[in-house]
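Engineer: Below are the structure tokens for one structure; questions will follow.
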Amino acid sequence: MSRVHYVLSMPDPNSHLFHVRMEVKGAPGASVDFVMPVWTPGSYKVRDFSKNVQDFSAGRHSWKKVDKSRWRVASGGDVAVDYTVWAFELSVQTSHLDSEHGFVNGASVFLYADGLKDAPVTLEVRPAPGWKVATGLERRGRRFAARDYDVLVDCPIEIGKFRERPFRVRGIPHRLVVHGPGNYDEDELVGDVRKIVETEIRIMRHVPYRHYTFLLHNTAERGGGLEHLNSTALQYPSHNYRPREKYDNFLELVAHEFWHLWNVKRIKPAVLGPFDYEREVYTTLLWVMEGLTSYYDTLVPCRAKLFTPEKYFKRTAERIQKYEEKPGRKRQSLSESSFDTWIKLYQPNENAPNSQMSYYEKGELVGMCLDLEIRRRTRGRASLDDVLRALYDEYGREGRGFQEGEFKKVCERFAGSLDGFYADYVDGVADIPWNRFLGVAGVRLEKEPRKPEDGEPARKERVWLGVTMQKVGAAAALATVTEGSPAWRGGLSPKDELLALDGVKVGSDDWERRLEECEPGDRVRFTVFRNGFLREIPVTLGRKENTTWTIKKVKNPTPAQKAVFEDWLWSKWEVPRKKKRP
Ligand SMILES: [Zn+2]
């Protein structure tokens with residue numbers, strides 16, 4: 001039987017180069033193709049990781065490059081190759097090495113031998129002096145072992161002087177591995193991570209791993225996460241653990257990536273593993289994989305008592321408002337957004353808000369509606385939890401992928417036909433009647449006047465321009481222009497660099513305040529650089545309601561509404577009164 005062994009070393013971390021030796025034993029045929037993935041599972045973008053490979057050699061055997069990511073070595077049997085990888089991008093989808101630490105996302109570092117992806121793998125990591133290794137891979141003495149290449153690259157590796165915080169849930173070892181400082185109380189943070197783990201296991205009722213590792217990088221700016229089989233890589237800005245609202249984002253990130261260990265790592269369409277690493281793979285179901293995970297990442301902290309129901313509703317109402325204000329929701333359905341992610345969501349152009357709808361943003365909301373719809377049709381006897389548990393039991397436990405239509409079929413087993421729901425909200429772009437769904441749990445979406453911030457006069461309407469900005473040095477440049485907005489009608493354009501309003505200099509820090517000082521209907525002269533040429537563009541400012549959206553409990557709920565509310569959020573309908581001190 002064939003076997004593959006890798007040696008990963010880093011003799012000079014500051015060179016940002018990982019050295020890899022890969023030994024293949026028992027390769028059939030007269031030659032072996034060594035291939036570098038073009039993408040990494042969980043992040044649907046062609047990244048062509050082979051661009052970072054250099055110094056490829058195959059010992060005494062001759063070799064040639066046969067396509068952008070493929071090296072053909074003219075020998076079968078036992079073959080070894082050496083190469084180095086430029087690792088200088090610290091994101092969860094890429095790899096990084098510097099004098100502080102190393103991070104390996106396997107798909108961007110390890111070649112595979114074509115035809116031997118299923119062969120068992122061992123790995124030896126030779127860390128820089130004084131560094132430790134943390135990964136979800138199984139340890140076998142001095143080596144790590146994996147069933148096959150898919151598992152190898154589904155276990156990111158942190159190498160450095162990280163802090164390690166172990167904890168157990170249901171007797172199973174978990175650990176938080178932290179690189180870099182953060183403005184949090186580490187005991188409190190570990191306690192909260194643990195509550196999220198406990199709650200998600202309570203929902204899914206089965207633990208498919210023997211140990212789990214959270215790899216956390218505290219960064220200067222960047223955030224993000226990538227899910228893996230029995231670990232996850234998280235990045236979070238080190239100063240964003242305070243105040244509480246920002247910390248809530250961290251809790252959602254943890255809940256999101258951990259939820260993925262079921263939803264997408266095990267409950268998944270067939271194209272999402274085993275993977276074709278050489279090209280894009282297509283599915284209309286990323287809204288289920290990512291949207292439903294985003295739904296649970298807010299619901300789980302609520303069920304874990306880390307968010308109150310009011311906080312859950314506040315965050316959800318904000319997302320509904322954001323969704324409603326995006327013109328792209330009328331153009332791109334959830335299934336289209338999923339299918340085209342490779343060229344749209346992961347590579348948005350300036351017109352994206354007008355032409356696209358993210359399957360994260362809409363998928364989360366449609367996931368909530370679907371959950372409430374199942375609860376309505378089954379009179380509270382079933383929910384989306386049951387659908388996911390059924391998919392997990394029937395496919396996920398064995399890691400078997402399902403066909404495109406299977407998710408809908410399993411939902412329908414509980415809820416009856418969802419043809420209409422799908423035609424409107426999944427394959428179509430119909431308006432979502434929020435209160436029809438929310439009403440099932442006795443809550444309502446409402447608009448209310450926005451509370452003025454400190455020193456701000458109360459007003460019924462606000463000025464509307466319809467742009468987003470990005471910083472260019474101290475200046476502001478238009479990033480996007482909303483279709484049909486005053487900015488769009490007046491002729492402003494993405495990339496216009498904003499210099500002055502009505503002849504007075506304006507910058508990235510004060511353009512919003514300066515606009516707020518105007519009234520709806522005012523005609524304002526925008527002075528901009530467009531492609532390096534000075535232009536004056538007059539725009540008549542529009543108006544929008546000065547409202548925020550809220551979700552509130554109805555006054556007189558039925559017993560059925562109360563029951564759904566309580567089963568959904570794991571919270572009592574009646575808020576417990578605080579005891580008055582005698
Ligand atoms: Zn995700």
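How things are named: the first chain in the structure tokens is A, the next is B, and so on; residues count from 1 in each chain; ligands count from 1 in the order shown.
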Within 12 Å of ligand 1 (counting only C-alpha atoms and all ligand atoms), which residues show up? I'd like them as a PyMOL selection string.
Structural biologist: chain A and resi 41-44+92+224-228+232-234+252-265+286-297+359-361+363-364
Engineer: Find the residues around A:Glu164 up to 10 Å (only C-alpha atoms counted), leave out those fewer than 3 positions away in its own chain, and share them as a ChimeraX atom specification.
Structural biologist: /A:134,161,167,175-179,213-215
Engineer: If you take only C-alpha atoms and a cut-off of 12 Å, which residues of stretch 228-287 of chain A touch stretch 13-37 of chain A, and what are their nearest atom pairs and distances in Å to one decimal, in chain and number order, as JSON lines?
Structural biologist:
```
{"residue": "A:Phe275", "atom": "CA", "partner": "A:Pro37", "partner_atom": "CA", "distance": 9.9}
{"residue": "A:Asp276", "atom": "CA", "partner": "A:Pro37", "partner_atom": "CA", "distance": 8.4}
{"residue": "A:Tyr277", "atom": "CA", "partner": "A:Pro37", "partner_atom": "CA", "distance": 4.7}
{"residue": "A:Glu278", "atom": "CA", "partner": "A:Pro37", "partner_atom": "CA", "distance": 5.6}
{"residue": "A:Arg279", "atom": "CA", "partner": "A:Pro37", "partner_atom": "CA", "distance": 8.3}
{"residue": "A:Glu280", "atom": "CA", "partner": "A:Pro37", "partner_atom": "CA", "distance": 10.6}
```
Engineer: Could you pull out the alpha helix (DSSP H) residues of stretch 204-375 of chain A, going by DSSP on the backbone, and write them as an MDAnalysis selection string?
Structural biologist: chainID A and resid 204 244:259 286 292:303 309:324 334:339 352:355 361:375
Engineer: Take atom CA of A:Asp12 and atom CA of A:Thr94 and report the distance between them in Å, one decimal.
Structural biologist: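 Pair atom CA of A:Asp12 / atom CA of A:Thr94 returns 19.1 Å.
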Engineer: Using only C-alpha atoms, find the one residue out of A:Gly420, A:Pro120, A:Pro269, A:Gly106 that sits nearest to A:Met1.
Structural biologist: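 Of all the options, A:Pro120 lies closest to A:Met1.
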Engineer: Name the residues in contact with A:Gly223 at a cut-off of 7 Å, using only C-alpha atoms, excluding same-chain residues fewer than 2 positions from it; report them as a PyMOL selection string.
Structural biologist: chain A and resi 221+235-237
Engineer: Might you pull out every residue within 12 Å of A:Ala458, with only C-alpha atoms counted and same-chain residues fewer than 6 positions away left off, and present them as a PyMOL selection string?
Structural biologist: chain A and resi 449-452+546-547
Engineer: Let's see if you can do this: from backbone DSSP, list all strand (DSSP E) residues in stretch 300-490 of chain A, as a list in words.
Structural biologist: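 Written out, the strand (DSSP E) residues of stretch 300-490 of chain A are Val443, Arg444, Leu445, Glu446, Lys447, Glu448, Pro449, Glu461, Arg462, Val463, Trp464, Val467, Thr468, Met469, Gln470, Lys471, Val472, Ala475, Ala476, Ala477, Leu478, Ala479, Thr480 and Val481 of chain A.
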Engineer: Identify, on the basis of only C-alpha atoms, every residue whose closest approach to A:Arg147 does not exceed 8 Å; exclude the query and any residue fewer than 6 positions from it along the same chain; express the result as a ChimeraX atom specification.
Structural biologist: /A:118-121
Engineer: Could you name the residues that touch stretch 202-210 of chain A at 8 Å or less, counting only C-alpha atoms, but leaving out those on the same chain fewer than 3 positions away, as a list in words?
Structural biologist: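 Selected residues are Ile172, Pro173, Glu198, Thr199, Asn230, Asp385, Leu388, Arg389 and Arg397 of chain A.
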Engineer: I'd like the interatomic distance between atom CA of A:Trp570 and atom CA of A:Lys246, to a tenth of an Å.
Structural biologist: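 About the pair atom CA of A:Trp570 and atom CA of A:Lys246: they are 23.5 Å apart.
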Engineer: Which residue is closest to A:Ile267? Choose from A:Glu497, A:Leu285, A:Val190, A:Gly473 and count only C-alpha atoms.
Structural biologist: A:Leu285
Engineer: What lies within 12 Å of A:Phe421 using only C-alpha atoms, ignoring chain neighbours under 6 positions off, as a PDB file with N, CA and C atoms, in the first residue's frame?
Structural biologist:
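So the final result, stored in around_16.pdb, reads:
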```pdb
ATOM      1  N   VAL A 366     -33.193  33.829   6.385  1.00  0.00           N
ATOM      2  CA  VAL A 366     -34.086  32.803   5.839  1.00  0.00           C
ATOM      3  C   VAL A 366     -34.011  31.544   6.709  1.00  0.00           C
ATOM      4  N   GLY A 367     -32.845  31.268   7.273  1.00  0.00           N
ATOM      5  CA  GLY A 367     -32.705  30.152   8.215  1.00  0.00           C
ATOM      6  C   GLY A 367     -33.639  30.332   9.401  1.00  0.00           C
ATOM      7  N   CYS A 369     -36.402  32.154   9.423  1.00  0.00           N
ATOM      8  CA  CYS A 369     -37.783  32.011   8.931  1.00  0.00           C
ATOM      9  C   CYS A 369     -38.128  30.533   8.736  1.00  0.00           C
ATOM     10  N   LEU A 370     -37.173  29.774   8.208  1.00  0.00           N
ATOM     11  CA  LEU A 370     -37.412  28.347   7.977  1.00  0.00           C
ATOM     12  C   LEU A 370     -37.638  27.622   9.309  1.00  0.00           C
ATOM     13  N   ASP A 371     -36.829  27.958  10.298  1.00  0.00           N
ATOM     14  CA  ASP A 371     -36.982  27.367  11.625  1.00  0.00           C
ATOM     15  C   ASP A 371     -38.389  27.650  12.167  1.00  0.00           C
ATOM     16  N   GLU A 373     -41.026  28.530  10.489  1.00  0.00           N
ATOM     17  CA  GLU A 373     -42.042  27.909   9.633  1.00  0.00           C
ATOM     18  C   GLU A 373     -42.213  26.431  10.004  1.00  0.00           C
ATOM     19  N   ILE A 374     -41.104  25.727  10.239  1.00  0.00           N
ATOM     20  CA  ILE A 374     -41.198  24.320  10.649  1.00  0.00           C
ATOM     21  C   ILE A 374     -41.928  24.226  11.996  1.00  0.00           C
ATOM     22  N   LYS A 408     -33.621  20.057   1.273  1.00  0.00           N
ATOM     23  CA  LYS A 408     -35.048  20.420   1.190  1.00  0.00           C
ATOM     24  C   LYS A 408     -35.926  19.220   1.539  1.00  0.00           C
ATOM     25  N   CYS A 411     -36.081  18.696   5.247  1.00  0.00           N
ATOM     26  CA  CYS A 411     -36.955  19.724   5.852  1.00  0.00           C
ATOM     27  C   CYS A 411     -38.419  19.357   5.634  1.00  0.00           C
ATOM     28  N   GLU A 412     -38.735  18.890   4.416  1.00  0.00           N
ATOM     29  CA  GLU A 412     -40.138  18.602   4.068  1.00  0.00           C
ATOM     30  C   GLU A 412     -40.676  17.389   4.822  1.00  0.00           C
ATOM     31  N   ALA A 415     -41.881  19.329   7.670  1.00  0.00           N
ATOM     32  CA  ALA A 415     -42.750  20.496   7.487  1.00  0.00           C
ATOM     33  C   ALA A 415     -43.778  20.348   6.370  1.00  0.00           C
ATOM     34  N   ASP A 427     -34.872  30.240  -4.076  1.00  0.00           N
ATOM     35  CA  ASP A 427     -34.562  30.376  -5.508  1.00  0.00           C
ATOM     36  C   ASP A 427     -35.073  31.701  -6.066  1.00  0.00           C
ATOM     37  N   GLY A 428     -35.891  32.405  -5.298  1.00  0.00           N
ATOM     38  CA  GLY A 428     -36.452  33.676  -5.749  1.00  0.00           C
ATOM     39  C   GLY A 428     -36.044  34.827  -4.851  1.00  0.00           C
ATOM     40  N   VAL A 429     -36.533  36.012  -5.199  1.00  0.00           N
ATOM     41  CA  VAL A 429     -36.120  37.213  -4.468  1.00  0.00           C
ATOM     42  C   VAL A 429     -37.337  37.973  -3.928  1.00  0.00           C
ATOM     43  N   ALA A 430     -38.390  37.223  -3.583  1.00  0.00           N
ATOM     44  CA  ALA A 430     -39.606  37.860  -3.050  1.00  0.00           C
ATOM     45  C   ALA A 430     -39.309  38.579  -1.731  1.00  0.00           C
ATOM     46  N   ASP A 431     -40.091  39.620  -1.449  1.00  0.00           N
ATOM     47  CA  ASP A 431     -39.992  40.277  -0.139  1.00  0.00           C
ATOM     48  C   ASP A 431     -40.340  39.274   0.957  1.00  0.00           C
ATOM     49  N   ILE A 432     -39.662  39.389   2.073  1.00  0.00           N
ATOM     50  CA  ILE A 432     -39.914  38.450   3.178  1.00  0.00           C
ATOM     51  C   ILE A 432     -40.918  39.082   4.150  1.00  0.00           C
ATOM     52  N   PRO A 433     -42.062  38.433   4.342  1.00  0.00           N
ATOM     53  CA  PRO A 433     -43.058  38.964   5.298  1.00  0.00           C
ATOM     54  C   PRO A 433     -42.640  38.621   6.723  1.00  0.00           C
ATOM     55  N   PHE A 437     -43.539  35.243   9.935  1.00  0.00           N
ATOM     56  CA  PHE A 437     -42.674  34.235  10.558  1.00  0.00           C
ATOM     57  C   PHE A 437     -42.457  34.521  12.047  1.00  0.00           C
TER      58      PHE A 437
END
```
Engineer: One decimal, Å: what's the distance from atom CA of A:Tyr149 over to atom CA of A:Tyr112, could you say?
Structural biologist: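 Computed distance, atom CA of A:Tyr149 to atom CA of A:Tyr112, equals 7.0 Å.
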Engineer: Within 10 Å of stretch 307-320 of chain A, which residues of stretch 423-497 of chain A show up? Give each one with its shortest atom-to-atom distance in Å (one decimal) and the two atoms involved, counting only C-alpha atoms, rows by chain then rising residue number, as a tab-separated table.
Structural biologist:
```
residue	atom	partner	partner_atom	distance
A:Ile432	CA	A:Ile320	CA	9.8
A:Trp434	CA	A:Ile320	CA	8.8
A:Val443	CA	A:Phe313	CA	9.3
A:Arg444	CA	A:Phe313	CA	9.9
A:Leu445	CA	A:Ala317	CA	7.3
A:Glu446	CA	A:Ala317	CA	8.9
A:Lys447	CA	A:Ala317	CA	9.7
```
Engineer: Pick the closest to A:Thr468 from A:Thr550, A:Ser335, A:Asn351, A:Thr298: which is it, counting only C-alpha atoms?
Structural biologist: A:Asn351
